[in-house]
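Chemist: The structure under discussion is supplied below as structure tokens; questions concerning it will follow.
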Amino acid sequence: MKLRKITQKLAIFFKKHRLKLWALLVVLLAFYWFCLPEPLFNDPTCMVLEAKDGSLLGARISADGQWRFPHMTSVPDKFQKAIVAFEDRRFFSHPGFDPLAFARAMRQNLRNQRVVSGASTLSMQVIRLARKGKSRTVFEKLIEIVLATRLEIKYTKQEILAFYTSNAPFGGNVVGLDAAAWRYYGKKPENLSWGEAATLAVLPNSPGLIHPGRNRNALFNKRNRLLNRLLQDGEIEQMTYQLAVDEILPDKPHPLPRLAPHLLNRAFTENFKKDGKQFTKLKTTIDPALQVRLTELAQRKSINLKGNEIHNLAIIVLEVETGNVLAYIGNAPSTGPENGEDVDIIKAPRSTGSILKPFLYAMMLNEGKILPKSLITDIPTQISGYKPENFMETYDGVVPADKALSHSLNVPFIRMLQDFTVEKFHFNLKKLGLTTLTKPPNHYGLTLGLGGAEASLWDLTSAYSGMARTLGNFYKNAGQYRSNEFHKPNYLVETSAKELDKLAKDAPLLSADAIWFSFEAMEEVQRPTTQGEWERFESSRRIAWKTGTSFGFRDAWAVGVSPNYVVGVWAGNADGEGRPGLVGVYAAAPILFDVFNMLPASKWFDPPFDAMKKMAVCKQSGFPALDYCEKETVYVNEKGINAPPCPYHQIVHLDNANQWQVNSSCETPSAMQNVPWFVLPPVEEYYFKMKNPGYVSLPAFRKDCEINDEKSSGLMQMIYPRKGAKIYIPLDLDGNLSRTVFKMAHRNPSTVVYWHLDNEYIGLTKTFHELELNPPAGKHKITLVDEKGNRLELKFEVFAKN
């Protein structure tokens, strides 16, 4: 009867306040629906860098000082079974709240007169982790139950497990399974054994147990009880159980891997916040095995270099086809903070030395300004006060262009650059991707070709990989080119496919034939020995490579190219200190070859015959052939048809005995012998004869022949000083000007030459035409007259230098 009256009263009450009750219900439902925080977890996470196989390269601790890796999207099977068995056996069947577990907990707590069981499900624990700092009261427990049921509506069971696994405490400042697996076991969570998974499953319940000396037996017993439960549940077999319980516990957290610390810092800078989003877990293209081997190599080589006070070393390996970075050693490990260990040398601008020469050679071939074996002048040179010198301070007179590259001769390349123009070279280098050329061309001048500018190892290997990609894809693209071959290297795994540019017949930057001839010359690289002789460096495989040494021995470079890989090496000091012996070929090149020996061998590039031309060239000069030189037919660069004809072969008129030169003033045309002759200018001849004894100089004119001014001017040439030179002469300790050696070349060295300074006779020379003079400061004129009356005059100016 009482129940009926209560029911009637409630019915009247609900009928009377129907609208208010419906409104209240709607409010409660709305509150329930929107009660979950969004996002559920907003804690800062570590910056994590993974190799291409998913293994850990390194991580930066999060902003709040916790080792908390980014959210896990899935939970490894072993840990999932272990955590469910330990924390919430009915997890997959309850709606977020387990009434049976709650009743059991109440009974246990009442029996023990204290809280011994909280009856929290994994869903409720996720809520408690999200609502940091809340007290453990009955009221808070009720809130957790409500929020847990809402959590179950919004997320799947697997997603809830992922929330728990990513945010549970694992002792100290370790949060989440991902970080815990690496900190305690040095491996990915997926690779945990059953014993390791069980250990980590019991830790969030009592994270303090992980500390050494703090009740380790309790952790050991908890783990083994869980393993026994898994055995009883049929999740593991007896053998697996026995092996698991025999595993020892981790004694303390291990340091995380530091396989690519400089790449980690670079990735943090470039990707931590991108397009308004925070990216804290990045998968890279790094090959972990290669990265480890090169780190060990860098450490070994660094020890050797330190013997010469050379403290820094960088290595990068690119995959040609994709441009992906396979290894990134930004600096040698264990260099020490006092020696700039944290400096990422790979992206640091450094003086280039000779490392840009192949680009100039390829550009000139690309425009047809030279052929591969065109002779380039190699004599003492001074251009507007700039005086380049070869490394060994010797000269060849003239040298084939490809040999100038393989020998890395400075003077021929400065003359090539002068012909090509600094402005055009500067413009093309920027198109190749050299981002450090921030000054206008006139700021660098001709020094642009010999280290007057700076470049990074990143940009240089990128440009060389673009060359290799262009050549390698030439046949794949049926003799056509893509405009995006020269793109920047990529160290992140691409999530979307790149769109390929349309094919074009003309190369946008460098043609395949120009690149082929450049690589052929680079494959024949030679370097001077300590005795001053040239020595070819042999390699176990075909590699096109180039070294560079900056002024003052501050930077040693080596870059090598194969069809599949580009390797870049730099050695030096981050603070710019130069060291004797810090030369590319000795400090960097041996490391380059060691790196290539760690990489798979590959077939050499196919010659791009479709982009070449067959042409008759003069055998001695390498220039397009004239009718009167010894010819040979060779493949040359396609634009080689634009190269100038040979300037060194000419027809000379000799007497019947082929002993003297004659002309119309002393011999009839019918009695002349018209003979083709390879003729170099006097200075070029002077140096060329020293190294080429087979060179035959032009015969002298017969005594009864008259020589006009044009012929006379070709007999003598000043070596030093050159016309219009400005000579800076230092003062000796006594205050007088030092003496200067003046030097000239005569086509017939045995001829007597009379020297005059400012119209005053000062002496004569024969065979070796050199005089030591000390003209005073000011403008002067030197006049040379040989025994046959041929004259040579030039003006110069002397400056006294304190």
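To be explicit about the labels: the chains of the structure tokens are called A, B, and onward in the order shown, and within each one the residues are counted from 1, while ligands get numbers from 1 in the order they are shown.
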From a DSSP pass on the backbone, collect the residues of range 20-228 of chain A flagged as helix (DSSP H, G or I) and hand them back as a ChimeraX atom specification.
Modeler: /A:20-33,77-87,99-112,122-130,138-154,157-167,177-185,189-191,194-202,207-210,216-228
Chemist: Nearest residue to Ile329 in chain A out of A:Phe551, A:Asp513, A:Met72, A:Val569, using only C-alpha atoms?
Modeler: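 Nearest to Ile329 in chain A: A:Val569.
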Chemist: Env of Leu151 in chain A: 8 Å cut, atoms = only C-alpha atoms, seq-sep filter 5 positions within chain, self excluded. Answer as a ChimeraX atom specification.
Modeler: /A:36,96,123,160
Chemist: Could you write out the selected residues, including N, CA, C and O atoms, as a JSON list (two decimals), in the first residue's frame?
Modeler:
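So again-v8.json came out as:
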```
[["chain", "number", "residue", "atom", "x", "y", "z"],
["A", 36, "LEU", "N", 33.86, 14.81, -21.29],
["A", 36, "LEU", "CA", 35.25, 14.42, -21.50],
["A", 36, "LEU", "C", 36.07, 15.62, -22.00],
["A", 36, "LEU", "O", 35.63, 16.37, -22.87],
["A", 96, "GLY", "N", 33.15, 0.19, -18.77],
["A", 96, "GLY", "CA", 33.99, 1.21, -18.17],
["A", 96, "GLY", "C", 33.99, 1.14, -16.67],
["A", 96, "GLY", "O", 34.90, 1.65, -16.00],
["A", 123, "SER", "N", 39.77, 1.79, -17.90],
["A", 123, "SER", "CA", 39.09, 3.00, -18.40],
["A", 123, "SER", "C", 39.08, 4.08, -17.32],
["A", 123, "SER", "O", 39.32, 5.27, -17.59],
["A", 160, "ILE", "N", 41.33, 2.96, -25.97],
["A", 160, "ILE", "CA", 41.45, 3.21, -24.53],
["A", 160, "ILE", "C", 42.74, 2.59, -23.98],
["A", 160, "ILE", "O", 43.45, 3.20, -23.18]]
```
Chemist: Contacts of Val175 in chain A at 6 Å or less, counting only C-alpha atoms, minus same-chain residues fewer than 6 places along, as a list of chain:residue names?
Modeler: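 Final neighbour list, sorted by chain and number: A:Trp67, A:Arg68, A:Asn167, A:Ala168, A:Pro169.
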Chemist: Counting only C-alpha atoms, which residues of range 393-465 of chain A sit at most 7 Å from some atom of range 674-692 of chain A, and what is each one's closest atom pair with its distance in Å to one decimal, listed by chain and rising residue number, as a tab-separated table?
Modeler:
```
residue	atom	partner	partner_atom	distance
A:Tyr395	CA	A:Tyr687	CA	6.3
A:Asp396	CA	A:Phe688	CA	5.2
A:Gly397	CA	A:Glu684	CA	4.0
A:Val398	CA	A:Glu684	CA	6.2
```
Chemist: Those same residues, written as a CSV table (one decimal), in the first residue's frame with C-alpha atoms?
Modeler:
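Once everything was written out, this is out18.csv:
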```csv
chain,number,residue,atom,x,y,z
A,395,TYR,CA,103.1,24.8,-64.1
A,396,ASP,CA,102.5,22.7,-67.2
A,397,GLY,CA,102.4,25.5,-69.7
A,398,VAL,CA,99.2,24.0,-71.2
```
Chemist: So which residues touch Leu356 in chain A within 10 Å, counting only C-alpha atoms, skipping near sequence neighbours fewer than 3 positions away, as a list in words?
Modeler: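 Near neighbours after the sequence-gap exclusion: Thr352, Gly353, Phe359, Leu360, Tyr361, Leu429, Leu448, Gly449, Leu450, Gly451, Ala453, Ala455, Leu460, Lys546, Thr547 and Gly548 of chain A.
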Chemist: Just to be explicit: take each residue in the selection above, keep N, CA, C and O atoms, and write the result as a short mmCIF file (atom, residue, chain, number, x, y, z; two decimals), in the first residue's frame.
Modeler:
```cif
data_model
loop_
_atom_site.label_atom_id
_atom_site.label_comp_id
_atom_site.auth_asym_id
_atom_site.auth_seq_id
_atom_site.Cartn_x
_atom_site.Cartn_y
_atom_site.Cartn_z
N THR A 352 85.08 26.42 -49.58
CA THR A 352 84.94 25.27 -50.48
C THR A 352 86.24 24.70 -51.00
O THR A 352 86.28 23.55 -51.40
N GLY A 353 87.31 25.49 -51.03
CA GLY A 353 88.52 24.99 -51.67
C GLY A 353 88.24 24.69 -53.14
O GLY A 353 87.60 25.48 -53.84
N PHE A 359 81.86 21.43 -61.19
CA PHE A 359 80.69 22.16 -61.67
C PHE A 359 81.07 23.11 -62.81
O PHE A 359 80.35 23.19 -63.81
N LEU A 360 82.18 23.82 -62.65
CA LEU A 360 82.63 24.73 -63.72
C LEU A 360 82.99 23.96 -64.98
O LEU A 360 82.62 24.36 -66.09
N TYR A 361 83.69 22.85 -64.81
CA TYR A 361 84.07 22.00 -65.95
C TYR A 361 82.82 21.52 -66.69
O TYR A 361 82.73 21.61 -67.93
N LEU A 429 75.55 28.13 -60.01
CA LEU A 429 75.74 27.44 -58.74
C LEU A 429 74.50 27.57 -57.86
O LEU A 429 74.10 26.61 -57.18
N LEU A 448 85.85 32.72 -56.44
CA LEU A 448 84.68 31.84 -56.33
C LEU A 448 85.04 30.41 -56.71
O LEU A 448 84.47 29.46 -56.19
N GLY A 449 86.01 30.26 -57.62
CA GLY A 449 86.38 28.92 -58.07
C GLY A 449 87.36 28.21 -57.18
O GLY A 449 87.59 27.01 -57.32
N LEU A 450 87.96 28.94 -56.22
CA LEU A 450 89.02 28.33 -55.41
C LEU A 450 88.82 28.53 -53.91
O LEU A 450 89.78 28.67 -53.17
N GLY A 451 87.58 28.56 -53.45
CA GLY A 451 87.36 28.64 -52.02
C GLY A 451 87.03 30.01 -51.51
O GLY A 451 86.97 30.23 -50.30
N ALA A 453 84.24 31.34 -51.70
CA ALA A 453 82.85 31.29 -51.22
C ALA A 453 82.73 30.14 -50.22
O ALA A 453 83.64 29.34 -50.03
N ALA A 455 80.22 26.90 -48.73
CA ALA A 455 79.13 25.96 -49.05
C ALA A 455 79.02 24.97 -47.90
O ALA A 455 79.94 24.81 -47.10
N LEU A 460 76.43 20.63 -51.17
CA LEU A 460 77.36 20.05 -52.14
C LEU A 460 76.95 18.64 -52.53
O LEU A 460 76.91 18.30 -53.72
N LYS A 546 86.08 14.01 -55.82
CA LYS A 546 86.81 15.29 -55.84
C LYS A 546 87.10 15.67 -54.40
O LYS A 546 86.29 15.46 -53.50
N THR A 547 88.28 16.24 -54.21
CA THR A 547 88.65 16.75 -52.89
C THR A 547 88.76 18.26 -52.95
O THR A 547 88.76 18.87 -54.01
N GLY A 548 88.86 18.86 -51.79
CA GLY A 548 89.04 20.30 -51.70
C GLY A 548 89.76 20.64 -50.41
O GLY A 548 89.59 19.97 -49.39
#
```
Chemist: For range 183-197 of chain A, please output as JSON, numbers by chain all residues within 9 Å (counting only C-alpha atoms; exclusion window: fewer than 3 positions along the same chain).
Modeler: {"A": [54, 55, 56, 67, 75, 76, 77, 78, 79, 80, 82, 83, 174, 177, 178, 179, 180, 200, 201, 202, 223, 224, 227, 236, 240, 241, 243, 244, 245, 246, 247, 248, 249, 250, 251, 252, 253, 254, 255, 256, 257]}
Chemist: Write out as a VMD selection string each polymer residue whose atoms come within 10 Å of Pro37 in chain A, counting only C-alpha atoms; drop sequence neighbours fewer than 5 positions from it.
Modeler: chain A and resid 42 127 130 to 131 147
Chemist: Residues as selected, N, CA and C atoms, written as a short mmCIF file (atom, residue, chain, number, x, y, z; two decimals), in the first residue's frame, can you do that?
Modeler:
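Result file follows (out_20.cif):
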```
data_model
loop_
_atom_site.label_atom_id
_atom_site.label_comp_id
_atom_site.auth_asym_id
_atom_site.auth_seq_id
_atom_site.Cartn_x
_atom_site.Cartn_y
_atom_site.Cartn_z
N ASN A 42 47.07 16.38 -23.04
CA ASN A 42 47.72 17.49 -23.75
C ASN A 42 49.11 17.76 -23.17
N ILE A 127 40.99 7.89 -17.08
CA ILE A 127 40.36 9.14 -16.62
C ILE A 127 41.18 9.77 -15.50
N ALA A 130 44.19 11.39 -16.86
CA ALA A 130 43.86 12.62 -17.59
C ALA A 130 43.52 13.75 -16.63
N ARG A 131 42.90 13.41 -15.47
CA ARG A 131 42.51 14.43 -14.47
C ARG A 131 43.58 14.50 -13.38
N LEU A 147 32.77 9.38 -16.05
CA LEU A 147 33.62 9.73 -17.20
C LEU A 147 34.11 8.49 -17.93
#
```
Chemist: When DSSP is applied to the backbone of this structure, which of range 355-463 of chain A are assigned strand (DSSP E or B)? Write them out as an mmCIF file with N, CA and C atoms, in the first residue's frame.
Modeler:
```cif
data_model
loop_
_atom_site.group_PDB
_atom_site.id
_atom_site.type_symbol
_atom_site.label_atom_id
_atom_site.label_comp_id
_atom_site.auth_asym_id
_atom_site.auth_seq_id
_atom_site.Cartn_x
_atom_site.Cartn_y
_atom_site.Cartn_z
ATOM 1 N N LEU A 375 93.217 22.079 -74.619
ATOM 2 C CA LEU A 375 94.334 22.568 -73.819
ATOM 3 C C LEU A 375 93.969 23.888 -73.146
ATOM 4 N N ILE A 376 94.278 23.965 -71.862
ATOM 5 C CA ILE A 376 94.042 25.164 -71.067
ATOM 6 C C ILE A 376 95.391 25.695 -70.601
ATOM 7 N N THR A 377 95.594 27.000 -70.672
ATOM 8 C CA THR A 377 96.858 27.615 -70.267
ATOM 9 C C THR A 377 97.123 27.413 -68.790
ATOM 10 N N ASP A 378 98.369 27.023 -68.474
ATOM 11 C CA ASP A 378 98.778 26.826 -67.086
ATOM 12 C C ASP A 378 100.160 27.452 -66.891
ATOM 13 N N ILE A 383 95.720 38.394 -62.289
ATOM 14 C CA ILE A 383 94.564 39.055 -62.901
ATOM 15 C C ILE A 383 94.021 40.078 -61.912
ATOM 16 N N TYR A 386 94.944 39.592 -58.425
ATOM 17 C CA TYR A 386 94.715 38.243 -57.898
ATOM 18 C C TYR A 386 95.697 37.287 -58.560
ATOM 19 N N GLY A 397 102.441 24.728 -68.491
ATOM 20 C CA GLY A 397 102.403 25.483 -69.745
ATOM 21 C C GLY A 397 101.012 25.439 -70.326
ATOM 22 N N VAL A 398 100.612 24.281 -70.821
ATOM 23 C CA VAL A 398 99.228 24.009 -71.217
ATOM 24 C C VAL A 398 98.897 22.608 -70.727
ATOM 25 N N VAL A 399 97.615 22.364 -70.452
ATOM 26 C CA VAL A 399 97.205 21.069 -69.910
ATOM 27 C C VAL A 399 95.796 20.764 -70.419
ATOM 28 N N PRO A 400 95.498 19.491 -70.777
ATOM 29 C CA PRO A 400 94.133 19.147 -71.187
ATOM 30 C C PRO A 400 93.137 19.473 -70.072
ATOM 31 N N GLU A 454 81.565 30.082 -49.577
ATOM 32 C CA GLU A 454 81.302 29.022 -48.616
ATOM 33 C C GLU A 454 80.157 28.144 -49.103
ATOM 34 N N ALA A 455 80.216 26.898 -48.730
ATOM 35 C CA ALA A 455 79.130 25.959 -49.053
ATOM 36 C C ALA A 455 79.020 24.970 -47.902
#
```
Chemist: Which one is closest to Ser406 in chain A: A:Val525, A:Leu626, A:Ala218, A:Ile210? Count only C-alpha atoms.
Modeler: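 Under the stated criterion, the closest residue is A:Val525.
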